[in-house]
Structures are given as C-alpha cells and as structure tokens.
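Peer 1: Data: run.pdb, PDB, C-alpha atoms.
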```
ATOM      1  CA  GLY A  25     174.639   0.858 -58.939
ATOM      2  CA  ILE A  26     171.658   0.710 -61.237
ATOM      3  CA  PHE A  27     173.870  -0.004 -64.264
ATOM      4  CA  ALA A  28     175.758  -2.838 -62.548
ATOM      5  CA  ASN A  29     175.412  -6.543 -63.160
ATOM      6  CA  GLN A  30     174.082  -7.806 -59.842
ATOM      7  CA  THR A  31     173.711 -11.589 -60.105
ATOM      8  CA  LEU A  32     172.760 -14.248 -62.622
ATOM      9  CA  SER A  33     169.073 -14.787 -63.366
ATOM     10  CA  MET A  34     166.872 -16.038 -66.181
ATOM     11  CA  VAL A  35     165.537 -12.480 -66.490
ATOM     12  CA  VAL A  36     167.860  -9.680 -67.594
ATOM     13  CA  VAL A  37     166.779  -6.024 -67.478
ATOM     14  CA  HIS A  38     168.434  -3.788 -70.081
ATOM     15  CA  CYS A  39     168.692  -0.001 -69.826
ATOM     16  CA  VAL A  40     167.603   1.453 -73.183
ATOM     17  CA  THR A  41     169.089   4.806 -74.185
ATOM     18  CA  PHE A  42     168.650   4.890 -77.992
ATOM     19  CA  GLY A  43     172.316   5.904 -78.090
ATOM     20  CA  ASP A  44     174.635   5.373 -81.053
ATOM     21  CA  ASP A  45     176.658   2.773 -79.122
ATOM     22  CA  GLU A  46     173.617   0.716 -78.198
ATOM     23  CA  ASP A  47     172.604  -2.524 -79.884
ATOM     24  CA  PRO A  48     169.718  -1.535 -82.193
ATOM     25  CA  ILE A  49     167.935  -4.704 -81.102
ATOM     26  CA  LEU A  50     167.115  -2.927 -77.827
ATOM     27  CA  SER A  51     165.626   0.232 -79.298
ATOM     28  CA  GLN A  52     163.606  -1.785 -81.794
ATOM     29  CA  ALA A  53     162.353  -4.045 -78.998
ATOM     30  CA  ALA A  54     161.296  -1.014 -76.954
ATOM     31  CA  LYS A  55     159.267   0.307 -79.883
ATOM     32  CA  THR A  56     157.745  -3.106 -80.576
ATOM     33  CA  LEU A  57     156.781  -3.581 -76.929
ATOM     34  CA  PHE A  58     155.321  -0.065 -76.709
ATOM     35  CA  LYS A  59     153.162  -0.900 -79.708
ATOM     36  CA  GLY A  60     152.239  -4.233 -78.123
ATOM     37  CA  TYR A  61     151.100  -2.325 -75.040
ATOM     38  CA  PHE A  62     148.953  -0.015 -77.174
ATOM     39  CA  ASP A  63     147.470  -2.839 -79.248
ATOM     40  CA  GLU A  64     146.614  -5.054 -76.275
ATOM     41  CA  LEU A  65     144.879  -2.229 -74.428
ATOM     42  CA  LYS A  66     142.867  -1.393 -77.525
ATOM     43  CA  ASN A  67     142.086  -4.875 -78.843
ATOM     44  CA  ASP A  68     141.781  -6.889 -75.623
ATOM     45  CA  HIS A  69     140.580  -4.260 -73.149
ATOM     46  CA  GLY A  70     138.767  -1.695 -75.306
ATOM     47  CA  CYS A  71     140.981   1.225 -74.274
ATOM     48  CA  ASP A  72     142.287   3.476 -77.059
ATOM     49  CA  LEU A  73     145.299   5.604 -76.078
ATOM     50  CA  THR A  74     144.975   7.979 -79.023
ATOM     51  CA  PHE A  75     143.979  10.713 -76.558
ATOM     52  CA  GLN A  76     147.470  10.468 -75.022
ATOM     53  CA  SER A  77     149.213  11.228 -78.347
ATOM     54  CA  PHE A  78     150.707   7.755 -78.166
ATOM     55  CA  GLN A  79     151.922   7.703 -81.777
ATOM     56  CA  ASP A  80     153.905  10.915 -81.242
ATOM     57  CA  GLU A  81     155.432   9.403 -78.115
ATOM     58  CA  LEU A  82     156.424   6.274 -80.022
ATOM     59  CA  ALA A  83     158.029   8.269 -82.828
ATOM     60  CA  SER A  84     160.088  10.430 -80.460
ATOM     61  CA  LEU A  85     161.483   7.746 -78.101
ATOM     62  CA  PRO A  86     163.152   8.006 -75.668
ATOM     63  CA  GLY A  87     161.821  11.574 -75.293
ATOM     64  CA  LYS A  88     160.551  12.197 -71.749
ATOM     65  CA  PHE A  89     161.794   8.716 -70.779
ATOM     66  CA  SER A  90     165.433   9.609 -71.439
ATOM     67  CA  PHE A  91     167.892   8.979 -68.605
ATOM     68  CA  SER A  92     169.272  12.469 -69.313
ATOM     69  CA  VAL A  93     166.056  14.095 -68.023
ATOM     70  CA  LYS A  94     165.593  11.889 -64.911
ATOM     71  CA  GLY A  95     163.477   9.469 -66.874
ATOM     72  CA  GLY A  96     164.276   5.869 -67.693
ATOM     73  CA  LEU A  97     163.431   3.087 -70.118
ATOM     74  CA  TRP A  98     164.066  -0.599 -69.545
ATOM     75  CA  VAL A  99     163.463  -3.758 -71.565
ATOM     76  CA  ALA A 100     163.514  -7.262 -70.071
ATOM     77  CA  SER A 101     164.815 -10.355 -71.810
ATOM     78  CA  VAL A 102     164.490 -14.035 -71.023
ATOM     79  CA  SER A 103     166.400 -17.049 -72.260
ATOM     80  CA  GLY A 104     165.596 -18.078 -75.809
ATOM     81  CA  GLU A 105     165.383 -21.644 -74.580
ATOM     82  CA  ASP A 106     162.072 -23.240 -73.672
ATOM     83  CA  GLY A 107     161.199 -23.808 -70.056
ATOM     84  CA  GLY A 108     163.063 -22.192 -67.209
ATOM     85  CA  ASP A 109     161.823 -19.780 -64.605
ATOM     86  CA  GLU A 110     158.114 -20.487 -64.701
ATOM     87  CA  GLY A 111     155.715 -19.513 -61.936
ATOM     88  CA  ASP A 112     154.097 -16.456 -60.405
ATOM     89  CA  SER A 113     157.250 -14.962 -58.893
ATOM     90  CA  ASP A 114     157.337 -11.169 -58.947
ATOM     91  CA  GLY A 115     161.135 -11.087 -58.860
ATOM     92  CA  ASP A 116     163.266 -10.389 -55.832
ATOM     93  CA  ASP A 117     165.957  -7.751 -55.491
ATOM     94  CA  ASP A 118     168.676 -10.386 -55.218
ATOM     95  CA  ASP A 119     167.926 -12.138 -58.503
ATOM     96  CA  ILE A 120     167.827  -9.222 -60.939
ATOM     97  CA  VAL A 121     170.526  -8.731 -63.552
ATOM     98  CA  VAL A 122     170.676  -5.109 -64.727
ATOM     99  CA  VAL A 123     172.717  -4.481 -67.874
ATOM    100  CA  GLY A 124     173.688  -0.898 -68.579
ATOM    101  CA  PRO A 125     174.663   0.750 -71.866
ATOM    102  CA  GLY A 126     177.534  -1.085 -73.511
ATOM    103  CA  SER A 127     177.602  -3.851 -70.883
ATOM    104  CA  MET A 128     177.767  -7.533 -71.690
ATOM    105  CA  ILE A 129     175.152 -10.041 -70.620
ATOM    106  CA  PRO A 130     176.585 -12.288 -67.883
ATOM    107  CA  GLY A 131     177.596 -15.749 -69.003
ATOM    108  CA  GLY A 132     178.669 -14.610 -72.447
ATOM    109  CA  ARG A 133     175.150 -14.817 -73.839
ATOM    110  CA  GLN A 134     174.266 -12.775 -76.915
ATOM    111  CA  LEU A 135     171.284 -10.439 -77.015
ATOM    112  CA  LYS A 136     170.160 -11.989 -80.281
ATOM    113  CA  ASP A 137     169.821 -15.332 -78.479
ATOM    114  CA  ARG A 138     167.329 -13.925 -75.961
ATOM    115  CA  ARG A 139     163.649 -13.023 -76.186
ATOM    116  CA  LEU A 140     162.816  -9.394 -75.387
ATOM    117  CA  VAL A 141     159.485  -9.665 -73.635
ATOM    118  CA  GLY A 142     158.823  -6.708 -71.328
ATOM    119  CA  VAL A 143     159.157  -2.952 -71.027
ATOM    120  CA  VAL A 144     158.635  -0.193 -68.465
ATOM    121  CA  ALA A 145     159.376   3.532 -68.479
ATOM    122  CA  LEU A 146     159.762   6.344 -65.968
ATOM    123  CA  LYS A 147     159.233  10.051 -66.446
ATOM    124  CA  GLU A 148     159.462  13.044 -64.164
ATOM    125  CA  LEU A 149     155.927  14.146 -63.316
ATOM    126  CA  SER A 150     156.934  17.074 -61.112
ATOM    127  CA  PRO A 151     159.953  17.891 -58.928
ATOM    128  CA  GLY A 152     160.536  14.879 -56.696
ATOM    129  CA  VAL A 153     157.713  12.874 -58.245
ATOM    130  CA  GLY A 154     158.107  10.255 -60.964
ATOM    131  CA  GLU A 155     155.527   8.360 -62.982
ATOM    132  CA  VAL A 156     155.537   4.729 -64.099
ATOM    133  CA  LYS A 157     154.514   4.432 -67.734
ATOM    134  CA  ARG A 158     154.016   1.719 -70.367
ATOM    135  CA  MET A 159     154.498  -1.298 -68.106
ATOM    136  CA  PHE A 160     153.945  -4.231 -70.430
ATOM    137  CA  VAL A 161     154.969  -7.872 -70.616
ATOM    138  CA  GLY A 162     154.143  -9.776 -73.786
ATOM    139  CA  LYS A 163     152.281 -13.057 -73.520
ATOM    140  CA  GLU A 164     155.411 -15.175 -74.039
ATOM    141  CA  GLY A 165     157.111 -13.504 -71.093
ATOM    142  CA  ARG A 166     154.347 -13.793 -68.520
ATOM    143  CA  ARG A 167     154.486 -15.981 -65.402
ATOM    144  CA  LYS A 168     158.262 -15.549 -65.260
ATOM    145  CA  GLY A 169     158.444 -12.684 -62.764
ATOM    146  CA  VAL A 170     159.335 -10.197 -65.517
ATOM    147  CA  GLY A 171     156.917  -7.457 -64.462
ATOM    148  CA  GLY A 172     158.058  -7.529 -60.854
ATOM    149  CA  ARG A 173     161.711  -7.304 -61.818
ATOM    150  CA  LEU A 174     161.096  -4.404 -64.191
ATOM    151  CA  LEU A 175     159.217  -2.527 -61.490
ATOM    152  CA  ARG A 176     161.918  -3.113 -58.863
ATOM    153  CA  VAL A 177     164.630  -1.816 -61.209
ATOM    154  CA  LEU A 178     162.558   1.291 -61.957
ATOM    155  CA  LEU A 179     161.937   1.970 -58.257
ATOM    156  CA  ASP A 180     165.602   1.505 -57.368
ATOM    157  CA  TYR A 181     166.543   3.957 -60.095
ATOM    158  CA  ALA A 182     163.878   6.444 -58.931
ATOM    159  CA  LYS A 183     165.401   6.334 -55.427
ATOM    160  CA  SER A 184     168.859   6.938 -56.883
ATOM    161  CA  LYS A 185     167.494  10.079 -58.533
ATOM    162  CA  HIS A 186     166.009  11.221 -55.219
ATOM    163  CA  TYR A 187     162.389  10.865 -56.171
ATOM    164  CA  VAL A 188     160.272  10.811 -53.009
ATOM    165  CA  GLU A 189     157.097   9.547 -54.683
ATOM    166  CA  VAL A 190     156.188   7.530 -57.749
ATOM    167  CA  LYS A 191     152.702   7.558 -59.239
ATOM    168  CA  LEU A 192     150.900   5.675 -61.978
ATOM    169  CA  ASP A 193     147.467   5.374 -63.497
ATOM    170  CA  SER A 194     145.744   2.196 -64.581
ATOM    171  CA  LEU A 195     142.330   0.608 -65.066
ATOM    172  CA  GLU A 196     140.352  -1.567 -62.674
ATOM    173  CA  ARG A 197     139.941  -4.143 -65.452
ATOM    174  CA  LEU A 198     143.727  -4.709 -65.527
ATOM    175  CA  LYS A 199     143.583  -6.896 -62.437
ATOM    176  CA  SER A 200     147.014  -8.534 -62.761
ATOM    177  CA  ALA A 201     148.730  -5.154 -63.198
ATOM    178  CA  LEU A 202     146.972  -3.684 -60.171
ATOM    179  CA  SER A 203     147.890  -6.743 -58.126
ATOM    180  CA  LEU A 204     151.560  -6.300 -59.048
ATOM    181  CA  TYR A 205     151.544  -2.627 -58.074
ATOM    182  CA  GLU A 206     149.774  -3.265 -54.777
ATOM    183  CA  LYS A 207     152.195  -6.090 -53.897
ATOM    184  CA  ASN A 208     154.981  -3.557 -54.329
ATOM    185  CA  GLY A 209     153.406  -1.062 -51.956
ATOM    186  CA  PHE A 210     151.367   1.196 -54.242
ATOM    187  CA  VAL A 211     148.103   2.489 -52.790
ATOM    188  CA  ARG A 212     145.146   4.278 -54.324
ATOM    189  CA  CYS A 213     145.444   8.053 -54.490
ATOM    190  CA  GLU A 214     143.550  11.036 -55.824
ATOM    191  CA  LYS A 215     143.457  11.242 -59.597
ATOM    192  CA  TYR A 216     146.277  13.376 -60.950
ATOM    193  CA  VAL A 217     145.574  12.891 -64.651
ATOM    194  CA  GLU A 218     142.430  12.859 -66.784
ATOM    195  CA  CYS A 219     141.250   9.711 -68.535
ATOM    196  CA  PRO A 220     137.961   9.014 -70.333
ATOM    197  CA  GLU A 221     137.757   5.425 -69.064
ATOM    198  CA  LYS A 222     135.175   4.937 -66.294
ATOM    199  CA  ASP A 223     137.328   2.472 -64.323
ATOM    200  CA  HIS A 224     140.400   4.716 -64.327
ATOM    201  CA  VAL A 225     142.415   4.593 -61.077
ATOM    202  CA  CYS A 226     145.570   6.259 -59.799
ATOM    203  CA  LEU A 227     148.114   4.812 -57.381
ATOM    204  CA  ALA A 228     151.144   6.180 -55.560
ATOM    205  CA  LEU A 229     154.149   4.897 -53.632
ATOM    206  CA  GLN A 230     155.976   7.051 -51.084
ATOM    207  CA  LEU A 231     159.630   6.122 -51.609
ATOM    208  CA  ALA A 232     160.831   8.150 -48.628
ATOM    209  CA  MET A 233     158.820   5.897 -46.304
ATOM    210  CA  GLU A 234     160.499   2.690 -47.440
ATOM    211  CA  ALA A 235     163.124   1.100 -45.245
ATOM    212  CA  THR A 236     166.631   1.646 -46.571
ATOM    213  CA  GLY A 237     168.491  -0.792 -44.350
TER     214      GLY A 237
END
```
Would you put the structure from the file into structure tokens?

Peer 2:
Amino acid sequence: GIFANQTLSMVVVHCVTFGDDEDPILSQAAKTLFKGYFDELKNDHGCDLTFQSFQDELASLPGKFSFSVKGGLWVASVSGEDGGDEGDSDGDDDDIVVVGPGSMIPGGRQLKDRRLVGVVALKELSPGVGEVKRMFVGKEGRRKGVGGRLLRVLLDYAKSKHYVEVKLDSLERLKSALSLYEKNGFVRCEKYVECPEKDHVCLALQLAMEATG
C-alpha cells in the first residue's frame, strides 16, 4: 500500500499529515519547502504567487492537501551524509521507500539525521480529477532522483483513490520541471486555471489509460 515501506533507497518519501502523533520535523519541513518553492519562483523566475493566496495556503496546511479529503502531502528526505545517489535518475517504482504516519525509517535511521529536500502535494480538482501542486526540490536535493520519486508516489496514491486524471499547471521557463512531467506521461492540455504569466501551460495525465499489469 501507499503507506508501506517498499524497499531501501537513499531517498525516503514521508507522508505528512500534520497530525498530533507526527514528528514536528515533517510539518516544519513541509512549510519550509513550500516557502522555498514560493521564494524561488519569485526571486529566480520572476513569478509572484500572491495571486494564488499562497500565504493563506501556507498558514492553513494541510488544508486542501489533507489525506482526509482525497488530497496528499509528501516530503522527501535524503541521507545526511555527503555523496550517495548522484545523477539524473528520476526514480523507479522499485526503489522508493514510502514512510507513512508513525512508521519508522528502514535501517533504524532517525529523521533528524536526514535532510528534508523535496515536497509535492495533491488536491482534488473535481470528481475523479486530481491536481499536482507545489512540486519543489531544494538545490541540495537535486540530481538525486527526488522529484521523480515524489511524483511516482503521488500518482500511485491518486490511482488508489480512483482518480482517472491528474492535471497540473506550470511555466515554459521551468524546463526541468516540464521535462520531468513529460517523462512521466503528462501531455499539454487546454488551460483549466487562470494565470497572469505569459508562458503559462497546463498538462494532464490520464491514469485510466496506464497499464496496470
């Protein structure tokens, strides 16, 4: 299941619920990474998300990304040690460790000994349709396959909740993000949300069309 530990990897994906029994390191990391997403878009790419009421979203986490409302929020961690799983790997299904609420990290490792470097969220856009939001990997976590693993976990969860389609919006200038989405089967679609940026694009993935065997 989506909350099971699947196999050992340098990258661990943690389900974040903001529950009372959850390590506060996770909820704080989610907030920090959300802010990192906002700041990088604004400072490095000239895109200000104020029009999306981002600060209200940050203050009310998990909000629409709660698992209780068919949403989801995940944070990725990597070993605190230098080196390791370098390269351009997007992450394969058979090398993802998913740690659910209250679960231990395989190998007896402590969360405080790991670096929390990436985040992604899912929300219900309409019945049967989910939306990928806030995909972000901090600079220290890049080139480790973190983004690909986060996306695969989100898509597996979306299937488990019987979503038939997942959409997202992005910007043409975010070339590495678009490449990741397209490698995972997303294709351009009609715009379903307004955005003031001229290079705004929307993508969609039909989950029902994917092979299940």

Peer 1: For the structure provided, state which residues fall under the PyMOL selection byres ((chain A and resi 154-160) around 10), and present them as a PyMOL selection string.

Peer 2: chain A and resi 57-62+64+89+94-99+141-153+161-163+165-166+170-171+174-175+178-179+182-183+185-194+201+227-229

Peer 1: Need to verify the contact set: stretch 84-86 of chain A, 8 Å, all atoms listed in the file, exclusion of same-chain residues closer than 6 positions in sequence. Can you return it as a PDB file with C-alpha atoms, keeping the file's coordinate frame?

Peer 2:
```
ATOM      1  CA  THR A  41     169.089   4.806 -74.185  1.00  0.00           C
ATOM      2  CA  PHE A  42     168.650   4.890 -77.992  1.00  0.00           C
ATOM      3  CA  LYS A  55     159.267   0.307 -79.883  1.00  0.00           C
ATOM      4  CA  LEU A  97     163.431   3.087 -70.118  1.00  0.00           C
TER       5      LEU A  97
END
```

Peer 1: List the residues selected by the PyMOL selection byres ((chain A and resi 208-212) around 8) in the file shown, writing them as JSON, numbers by chain.

Peer 2: {"A": [204, 205, 206, 207, 213, 214, 225, 226, 227, 228, 229]}

Peer 1: Can you spit out the residues from that selection as an mmCIF file, keeping the file's coordinate frame, using C-alpha atoms?

Peer 2:
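Saved as selection-v1.cif:
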```
data_model
loop_
_atom_site.group_PDB
_atom_site.id
_atom_site.type_symbol
_atom_site.label_atom_id
_atom_site.label_comp_id
_atom_site.auth_asym_id
_atom_site.auth_seq_id
_atom_site.Cartn_x
_atom_site.Cartn_y
_atom_site.Cartn_z
ATOM 1 C CA LEU A 204 151.560 -6.300 -59.048
ATOM 2 C CA TYR A 205 151.544 -2.627 -58.074
ATOM 3 C CA GLU A 206 149.774 -3.265 -54.777
ATOM 4 C CA LYS A 207 152.195 -6.090 -53.897
ATOM 5 C CA CYS A 213 145.444 8.053 -54.490
ATOM 6 C CA GLU A 214 143.550 11.036 -55.824
ATOM 7 C CA VAL A 225 142.415 4.593 -61.077
ATOM 8 C CA CYS A 226 145.570 6.259 -59.799
ATOM 9 C CA LEU A 227 148.114 4.812 -57.381
ATOM 10 C CA ALA A 228 151.144 6.180 -55.560
ATOM 11 C CA LEU A 229 154.149 4.897 -53.632
#
```

Peer 1: Kindly indicate which residue among A:Ala83, A:Leu65, A:Ala54, A:Val37 lies nearest to A:Gly172, using all atoms listed in the file for the distances.

Peer 2: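 Smallest distance to A:Gly172 is found for A:Val37.
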
Peer 1: What does the distance from atom CA of A:His38 to atom CA of A:Lys199 come to in Å, to one decimal?

Peer 2: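 Atom-to-atom, atom CA of A:His38 to atom CA of A:Lys199, that is 26.2 Å.
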
Peer 1: Figure out the distance between atom CA of A:Gly43 and atom CA of A:Phe91, please, to one decimal in Å.

Peer 2: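 Computed distance, atom CA of A:Phe91 to atom CA of A:Gly43, equals 10.9 Å.
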
Peer 1: Could you work out an axis-aligned bounding box for all listed atoms of stretch 168-172 of chain A, with 5 Å added on each of the six sides, and give its centre and edge lengths in Å to one decimal, as JSON?

Peer 2:
```
{"center_x": 158.1, "center_y": -11.5, "center_z": -63.2, "size_x": 12.4, "size_y": 18.1, "size_z": 14.7}
```

Peer 1: So what do you get for atom CA of A:Leu140 versus atom CA of A:Lys168, distance-wise?

Peer 2: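 According to the coordinates, atom CA of A:Leu140 and atom CA of A:Lys168 are separated by 12.7 Å.
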
Peer 1: Could you state which residues are captured by the PyMOL selection byres ((chain A and resi 221) around 10) in this file, as a list in words?

Peer 2: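 With the PyMOL selection byres ((chain A and resi 221) around 10) on this model, the match is Gly70, Cys71, Asp72, Ser194, Leu195, Glu196, Glu218, Cys219, Pro220, Lys222, Asp223, His224 and Val225 of chain A.
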
Peer 1: So that I can see what lies close to A:Arg138, please list as a list of chain:residue names the residues with an atom at most 6 Å from it, counting only C-alpha atoms and leaving out residues fewer than 5 positions away in the same chain.

Peer 2: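 Close residues of A:Arg138: A:Val102, A:Ser103, A:Gly104.
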